[in-house]
>>> print(open('query17.cif').read())   # mmCIF, C-alpha atoms
data_query
#
loop_
_atom_site.group_PDB
_atom_site.id
_atom_site.type_symbol
_atom_site.label_atom_id
_atom_site.label_comp_id
_atom_site.auth_asym_id
_atom_site.auth_seq_id
_atom_site.Cartn_x
_atom_site.Cartn_y
_atom_site.Cartn_z
ATOM 1 C CA MET A 29 90.400 3.748 9.277
ATOM 2 C CA LYS A 30 88.142 5.977 11.327
ATOM 3 C CA GLN A 31 85.243 4.125 13.003
ATOM 4 C CA GLN A 32 81.813 5.547 12.256
ATOM 5 C CA ASN A 33 79.625 6.480 15.181
ATOM 6 C CA THR A 34 76.310 4.721 14.550
ATOM 7 C CA GLN A 35 74.696 5.951 17.772
ATOM 8 C CA GLN A 36 72.243 8.829 17.292
ATOM 9 C CA PRO A 37 72.869 11.872 19.471
ATOM 10 C CA GLU A 38 70.717 12.068 22.555
ATOM 11 C CA THR A 39 69.307 15.440 21.515
ATOM 12 C CA ASN A 40 68.006 13.935 18.231
ATOM 13 C CA ILE A 41 66.246 11.073 20.066
ATOM 14 C CA ALA A 42 64.646 13.512 22.466
ATOM 15 C CA GLU A 43 63.486 15.619 19.541
ATOM 16 C CA VAL A 44 61.920 12.625 17.776
ATOM 17 C CA VAL A 45 60.136 11.511 20.955
ATOM 18 C CA SER A 46 58.895 15.040 21.525
ATOM 19 C CA LYS A 47 57.533 15.296 17.970
ATOM 20 C CA SER A 48 55.880 11.861 18.209
ATOM 21 C CA GLU A 49 54.156 12.800 21.451
ATOM 22 C CA ALA A 50 52.944 16.036 19.890
ATOM 23 C CA PHE A 51 51.637 14.149 16.847
ATOM 24 C CA VAL A 52 49.795 11.599 19.001
ATOM 25 C CA THR A 53 48.287 14.350 21.159
ATOM 26 C CA LYS A 54 47.145 16.352 18.133
ATOM 27 C CA TYR A 55 45.711 13.397 16.195
ATOM 28 C CA LYS A 56 44.696 11.062 19.025
ATOM 29 C CA MET A 57 41.060 10.949 17.846
ATOM 30 C CA GLN A 58 42.012 10.051 14.256
ATOM 31 C CA ILE A 59 44.516 7.453 15.443
ATOM 32 C CA GLY A 60 41.959 5.975 17.813
ATOM 33 C CA MET A 61 39.424 5.756 14.993
ATOM 34 C CA ALA A 62 41.997 4.101 12.729
ATOM 35 C CA ILE A 63 42.861 1.507 15.381
ATOM 36 C CA ALA A 64 39.155 0.884 15.996
ATOM 37 C CA ALA A 65 38.645 0.415 12.255
ATOM 38 C CA ILE A 66 41.479 -2.131 12.098
ATOM 39 C CA ILE A 67 39.979 -4.036 15.038
ATOM 40 C CA ILE A 68 36.512 -3.991 13.436
ATOM 41 C CA ILE A 69 37.858 -5.121 10.050
ATOM 42 C CA SER A 70 39.947 -7.868 11.662
ATOM 43 C CA GLY A 71 36.967 -8.986 13.709
ATOM 44 C CA SER A 72 34.801 -8.992 10.588
ATOM 45 C CA ILE A 73 37.315 -11.180 8.723
ATOM 46 C CA ILE A 74 37.501 -13.616 11.656
ATOM 47 C CA TYR A 75 33.698 -13.731 11.927
ATOM 48 C CA GLN A 76 33.334 -14.222 8.160
ATOM 49 C CA THR A 77 35.914 -17.043 8.094
ATOM 50 C CA TYR A 78 35.118 -18.935 11.275
ATOM 51 C CA VAL A 79 31.473 -18.115 12.065
ATOM 52 C CA SER A 80 29.513 -16.520 9.235
ATOM 53 C CA GLU A 81 30.562 -18.729 6.301
ATOM 54 C CA PRO A 82 30.199 -22.114 8.100
ATOM 55 C CA ARG A 83 26.878 -20.931 9.563
ATOM 56 C CA ALA A 84 25.613 -19.847 6.134
ATOM 57 C CA LYS A 85 26.661 -23.204 4.687
ATOM 58 C CA GLU A 86 24.873 -25.071 7.469
ATOM 59 C CA ALA A 87 21.755 -22.973 6.878
ATOM 60 C CA SER A 88 21.784 -23.625 3.126
ATOM 61 C CA GLU A 89 21.978 -27.361 3.805
ATOM 62 C CA ALA A 90 19.169 -27.163 6.366
ATOM 63 C CA ILE A 91 16.788 -25.342 4.018
ATOM 64 C CA PHE A 92 17.048 -27.902 1.213
ATOM 65 C CA LYS A 93 14.451 -30.328 2.655
ATOM 66 C CA ALA A 94 12.024 -27.541 3.519
ATOM 67 C CA GLU A 95 12.240 -26.265 -0.071
ATOM 68 C CA SER A 96 11.495 -29.789 -1.314
ATOM 69 C CA TYR A 97 8.351 -29.932 0.844
ATOM 70 C CA PHE A 98 7.301 -26.504 -0.424
ATOM 71 C CA ALA A 99 7.732 -27.577 -4.060
ATOM 72 C CA ALA A 100 5.618 -30.682 -3.336
ATOM 73 C CA GLY A 101 2.851 -28.579 -1.800
ATOM 74 C CA GLU A 102 3.414 -29.966 1.711
ATOM 75 C CA PHE A 103 3.282 -26.566 3.335
ATOM 76 C CA GLU A 104 2.912 -27.703 6.955
ATOM 77 C CA LYS A 105 6.119 -29.758 6.784
ATOM 78 C CA ALA A 106 7.816 -26.947 4.877
ATOM 79 C CA LEU A 107 6.921 -24.569 7.697
ATOM 80 C CA ASN A 108 7.446 -26.722 10.766
ATOM 81 C CA GLY A 109 9.760 -29.556 9.740
ATOM 82 C CA ASP A 110 9.138 -33.289 9.797
ATOM 83 C CA GLU A 111 9.329 -36.272 12.148
ATOM 84 C CA GLN A 112 12.833 -37.123 10.895
ATOM 85 C CA GLY A 113 14.160 -33.923 12.446
ATOM 86 C CA ASN A 114 14.481 -31.884 9.259
ATOM 87 C CA MET A 115 13.994 -28.198 9.973
ATOM 88 C CA GLY A 116 11.104 -26.168 8.629
ATOM 89 C CA PHE A 117 11.335 -22.559 7.494
ATOM 90 C CA LYS A 118 10.299 -21.206 10.910
ATOM 91 C CA GLN A 119 13.131 -22.979 12.737
ATOM 92 C CA ILE A 120 15.652 -21.983 10.055
ATOM 93 C CA ILE A 121 14.653 -18.334 10.504
ATOM 94 C CA ASP A 122 15.127 -18.617 14.283
ATOM 95 C CA GLU A 123 18.388 -20.577 14.292
ATOM 96 C CA PHE A 124 20.176 -18.998 11.314
ATOM 97 C CA SER A 125 19.093 -15.375 11.599
ATOM 98 C CA GLY A 126 21.196 -13.086 9.415
ATOM 99 C CA THR A 127 22.073 -15.705 6.789
ATOM 100 C CA PRO A 128 20.831 -15.654 3.161
ATOM 101 C CA SER A 129 18.948 -18.894 3.825
ATOM 102 C CA ALA A 130 17.050 -17.351 6.751
ATOM 103 C CA ASN A 131 16.167 -14.398 4.545
ATOM 104 C CA ILE A 132 14.705 -16.557 1.761
ATOM 105 C CA ALA A 133 13.034 -18.729 4.423
ATOM 106 C CA ASN A 134 10.995 -15.650 5.389
ATOM 107 C CA ALA A 135 9.594 -15.520 1.860
ATOM 108 C CA TYR A 136 8.925 -19.271 1.800
ATOM 109 C CA ALA A 137 7.265 -19.179 5.227
ATOM 110 C CA GLY A 138 4.992 -16.324 4.202
ATOM 111 C CA LEU A 139 4.021 -18.046 0.960
ATOM 112 C CA SER A 140 3.389 -21.344 2.766
ATOM 113 C CA LEU A 141 1.118 -19.645 5.285
ATOM 114 C CA ALA A 142 -0.715 -17.788 2.525
ATOM 115 C CA GLN A 143 -1.233 -21.056 0.654
ATOM 116 C CA ASN A 144 -2.907 -22.424 3.781
ATOM 117 C CA GLY A 145 -5.109 -19.328 4.068
ATOM 118 C CA ASN A 146 -3.252 -17.893 7.090
ATOM 119 C CA TYR A 147 -2.922 -14.417 5.581
ATOM 120 C CA GLU A 148 -2.501 -12.459 8.830
ATOM 121 C CA GLU A 149 0.323 -14.727 9.973
ATOM 122 C CA ALA A 150 1.950 -14.642 6.523
ATOM 123 C CA ILE A 151 2.305 -10.852 6.395
ATOM 124 C CA PRO A 152 5.168 -10.410 8.943
ATOM 125 C CA TYR A 153 7.235 -13.111 7.223
ATOM 126 C CA LEU A 154 6.762 -11.611 3.759
ATOM 127 C CA LYS A 155 7.616 -8.150 5.109
ATOM 128 C CA ALA A 156 10.798 -9.538 6.715
ATOM 129 C CA PHE A 157 12.150 -10.738 3.348
ATOM 130 C CA ASP A 158 14.824 -8.427 1.940
ATOM 131 C CA GLY A 159 15.528 -8.631 -1.787
ATOM 132 C CA SER A 160 16.195 -6.378 -4.756
ATOM 133 C CA ASP A 161 16.178 -8.648 -7.826
ATOM 134 C CA LYS A 162 13.615 -8.296 -10.631
ATOM 135 C CA MET A 163 11.674 -11.527 -10.053
ATOM 136 C CA VAL A 164 11.711 -12.896 -6.497
ATOM 137 C CA ALA A 165 11.447 -9.543 -4.681
ATOM 138 C CA PRO A 166 8.482 -8.257 -6.757
ATOM 139 C CA GLY A 167 6.866 -11.696 -6.465
ATOM 140 C CA VAL A 168 7.041 -11.459 -2.679
ATOM 141 C CA LEU A 169 5.598 -7.925 -2.796
ATOM 142 C CA SER A 170 2.766 -9.240 -4.964
ATOM 143 C CA ALA A 171 2.096 -12.042 -2.464
ATOM 144 C CA LEU A 172 2.072 -9.435 0.294
ATOM 145 C CA GLY A 173 -0.494 -7.461 -1.696
ATOM 146 C CA ASN A 174 -2.668 -10.564 -1.972
ATOM 147 C CA CYS A 175 -2.429 -11.168 1.779
ATOM 148 C CA TYR A 176 -3.459 -7.592 2.545
ATOM 149 C CA ALA A 177 -6.371 -7.879 0.103
ATOM 150 C CA ASN A 178 -7.517 -11.091 1.783
ATOM 151 C CA THR A 179 -7.455 -9.429 5.204
ATOM 152 C CA GLY A 180 -9.479 -6.459 3.951
ATOM 153 C CA ASP A 181 -6.627 -3.927 4.072
ATOM 154 C CA LEU A 182 -7.199 -2.667 0.529
ATOM 155 C CA ASN A 183 -5.043 0.464 0.806
ATOM 156 C CA SER A 184 -1.986 -1.586 1.765
ATOM 157 C CA ALA A 185 -2.859 -4.167 -0.885
ATOM 158 C CA VAL A 186 -2.989 -1.688 -3.745
ATOM 159 C CA SER A 187 0.197 -0.009 -2.489
ATOM 160 C CA LYS A 188 2.107 -3.307 -2.587
ATOM 161 C CA PHE A 189 0.750 -4.246 -6.036
ATOM 162 C CA ILE A 190 1.901 -0.893 -7.459
ATOM 163 C CA GLU A 191 5.290 -1.257 -5.734
ATOM 164 C CA ALA A 192 5.695 -4.779 -7.126
ATOM 165 C CA ALA A 193 4.804 -3.654 -10.652
ATOM 166 C CA LYS A 194 7.429 -0.891 -10.552
ATOM 167 C CA ALA A 195 10.092 -3.138 -9.026
ATOM 168 C CA ALA A 196 9.597 -5.884 -11.629
ATOM 169 C CA ASP A 197 9.055 -3.764 -14.736
ATOM 170 C CA ASN A 198 8.495 -6.838 -16.908
ATOM 171 C CA ASN A 199 5.701 -8.439 -18.911
ATOM 172 C CA THR A 200 5.129 -11.226 -16.380
ATOM 173 C CA ILE A 201 4.700 -9.652 -12.951
ATOM 174 C CA SER A 202 3.979 -5.986 -13.681
ATOM 175 C CA PRO A 203 0.742 -6.304 -15.695
ATOM 176 C CA TYR A 204 -0.632 -8.901 -13.268
ATOM 177 C CA CYS A 205 0.009 -6.578 -10.316
ATOM 178 C CA LEU A 206 -1.367 -3.542 -12.128
ATOM 179 C CA LEU A 207 -4.521 -5.455 -12.984
ATOM 180 C CA GLN A 208 -4.983 -6.450 -9.329
ATOM 181 C CA ALA A 209 -4.429 -2.824 -8.314
ATOM 182 C CA GLY A 210 -7.004 -1.668 -10.867
ATOM 183 C CA ILE A 211 -9.619 -4.117 -9.607
ATOM 184 C CA ILE A 212 -9.070 -2.884 -6.041
ATOM 185 C CA TYR A 213 -9.307 0.744 -7.170
ATOM 186 C CA GLU A 214 -12.634 -0.102 -8.802
ATOM 187 C CA LYS A 215 -13.842 -1.741 -5.602
ATOM 188 C CA GLN A 216 -12.908 1.447 -3.753
ATOM 189 C CA GLY A 217 -14.800 3.545 -6.298
ATOM 190 C CA ASN A 218 -11.604 5.164 -7.587
ATOM 191 C CA LYS A 219 -12.224 4.849 -11.323
ATOM 192 C CA ALA A 220 -9.603 7.445 -12.273
ATOM 193 C CA GLU A 221 -6.752 5.464 -10.720
ATOM 194 C CA ALA A 222 -8.174 2.221 -12.102
ATOM 195 C CA LEU A 223 -8.200 3.705 -15.616
ATOM 196 C CA LYS A 224 -4.614 4.913 -15.121
ATOM 197 C CA VAL A 225 -3.226 1.444 -14.316
ATOM 198 C CA TYR A 226 -5.335 -0.240 -17.026
ATOM 199 C CA ASN A 227 -3.935 2.182 -19.594
ATOM 200 C CA GLU A 228 -0.417 1.451 -18.346
ATOM 201 C CA ILE A 229 -0.988 -2.235 -19.082
ATOM 202 C CA LYS A 230 -2.311 -1.371 -22.542
ATOM 203 C CA GLU A 231 0.506 1.010 -23.461
ATOM 204 C CA LYS A 232 3.573 -0.318 -21.636
ATOM 205 C CA TYR A 233 2.888 -4.045 -21.299
ATOM 206 C CA PHE A 234 1.000 -4.602 -24.555
ATOM 207 C CA ALA A 235 2.793 -7.931 -25.122
ATOM 208 C CA SER A 236 1.450 -9.410 -21.878
ATOM 209 C CA LEU A 237 -1.459 -11.811 -21.391
ATOM 210 C CA GLN A 238 -3.316 -9.186 -19.361
ATOM 211 C CA ALA A 239 -3.170 -6.733 -22.274
ATOM 212 C CA MET A 240 -5.183 -9.109 -24.484
ATOM 213 C CA ASP A 241 -8.488 -8.229 -22.829
ATOM 214 C CA ILE A 242 -7.595 -4.982 -21.055
ATOM 215 C CA GLU A 243 -10.059 -3.033 -23.228
ATOM 216 C CA LYS A 244 -13.017 -4.485 -21.328
ATOM 217 C CA TYR A 245 -11.583 -3.134 -18.069
ATOM 218 C CA ILE A 246 -10.903 0.244 -19.648
ATOM 219 C CA ASN A 247 -14.428 0.479 -21.075
ATOM 220 C CA ARG A 248 -15.900 -0.561 -17.737
ATOM 221 C CA VAL A 249 -14.372 2.393 -15.849
ATOM 222 C CA LYS A 250 -14.745 5.045 -18.564
#
>>> encode(input="query17.cif", output="structure tokens")
Amino acid sequence: MKQQNTQQPETNIAEVVSKSEAFVTKYKMQIGMAIAAIIIISGSIIYQTYVSEPRAKEASEAIFKAESYFAAGEFEKALNGDEQGNMGFKQIIDEFSGTPSANIANAYAGLSLAQNGNYEEAIPYLKAFDGSDKMVAPGVLSALGNCYANTGDLNSAVSKFIEAAKAADNNTISPYCLLQAGIIYEKQGNKAEALKVYNEIKEKYFASLQAMDIEKYINRVK
């Protein structure tokens, strides 16, 4: 029986090498980008598994006590922690930056400061919160509007109330924010815009508490 020659001819190997080199030269940028992408994705998976997830878990455990103080109305302890070493929202924001708990801690910190009348200090924390849901995010925008109003920045206040009303689009937050915006418009002498938001409450949010006596506001600016 004739033995098969399994060795590839030298000319074929040279041809393959030549074609490979040509391919690499032609597409070196794309290949480099692909390798970089693999490294980035691998690094992201490692970070998520060994750094991000444990850190997020630690942050969520740390925020629990601060939330309890907030719910009890103990805003100083909620902000700055307690004598037992439990973290407050400010420390959680600093130590766990980039985690969901640090994000929500911004909202809590801003609300705590606002509750204590520290409106100027509350504003940066409320602005730092990043959310897109239909309740918490508009609620934070509404709180931001209140802080601006209490510092005398009425243009920013009315802007945030209108933004909150649009973001929420519900019978709880939207009419409240529109009413606040209307009152500010009146204070600024802008009766046309005040009438516009009052009519929106009447027509779009007619099932809300604010709609029950909206006619008196409408008649006042007509």
>>> atom_distance(input="query17.cif", atom1="atom CA of Leu141 of chain A", atom2="atom CA of Ser184 of chain A")
18.7 Å
>>> resolve_selection(input="query17.cif", expression="the PyMOL selection byres ((chain A and resi 169) around 8)", output="number ranges by chain")
A: 154, 165-168, 170-173, 188-189, 191-192
>>> closest_residue(input="query17.cif", among="A:Pro152, A:Pro128, A:Pro203, A:Gly217", to="Lys85 of chain A", atoms="all atoms listed in the file")
A:Pro128
>>> residues_near_point(input="query17.cif", point="(-7.4, 6.4, -20.9)", cutoff="8 Å", atoms="only C-alpha atoms", output="MDAnalysis selection string")
chainID A and resid 223:224 226:227 246 250
>>> atom_distance(input="query17.cif", atom1="atom CA of Leu107 of chain A", atom2="atom CA of Tyr136 of chain A")
8.2 Å
>>> resolve_selection(input="query17.cif", expression="the PyMOL selection byres ((chain A and resi 201) around 10)", output="ChimeraX atom specification")
/A:162-163,166-167,170,189,192-200,202-206,236
>>> atom_distance(input="query17.cif", atom1="atom CA of Asn183 of chain A", atom2="atom CA of Ala150 of chain A")
17.6 Å
>>> closest_residue(input="query17.cif", among="A:Asp158, A:Ala106, A:Ile211, A:Val164", to="Ala137 of chain A", atoms="only C-alpha atoms")
A:Ala106
>>> closest_residue(input="query17.cif", among="A:Glu81, A:Glu95, A:Glu104, A:Glu86", to="Ala133 of chain A", atoms="only C-alpha atoms")
A:Glu95
>>> axis_aligned_box(input="query17.cif", around="segment 223-238 of chain A", padding_each_side="8 Å", output="lines of an AutoDock Vina configuration file")
center_x = -2.3
center_y = -3.4
center_z = -19.7
size_x = 27.8
size_y = 32.7
size_z = 26.8
>>> closest_residue(input="query17.cif", among="A:Asn178, A:Asn247, A:Gln119, A:Gln143", to="Ile212 of chain A", atoms="only C-alpha atoms")
A:Asn178
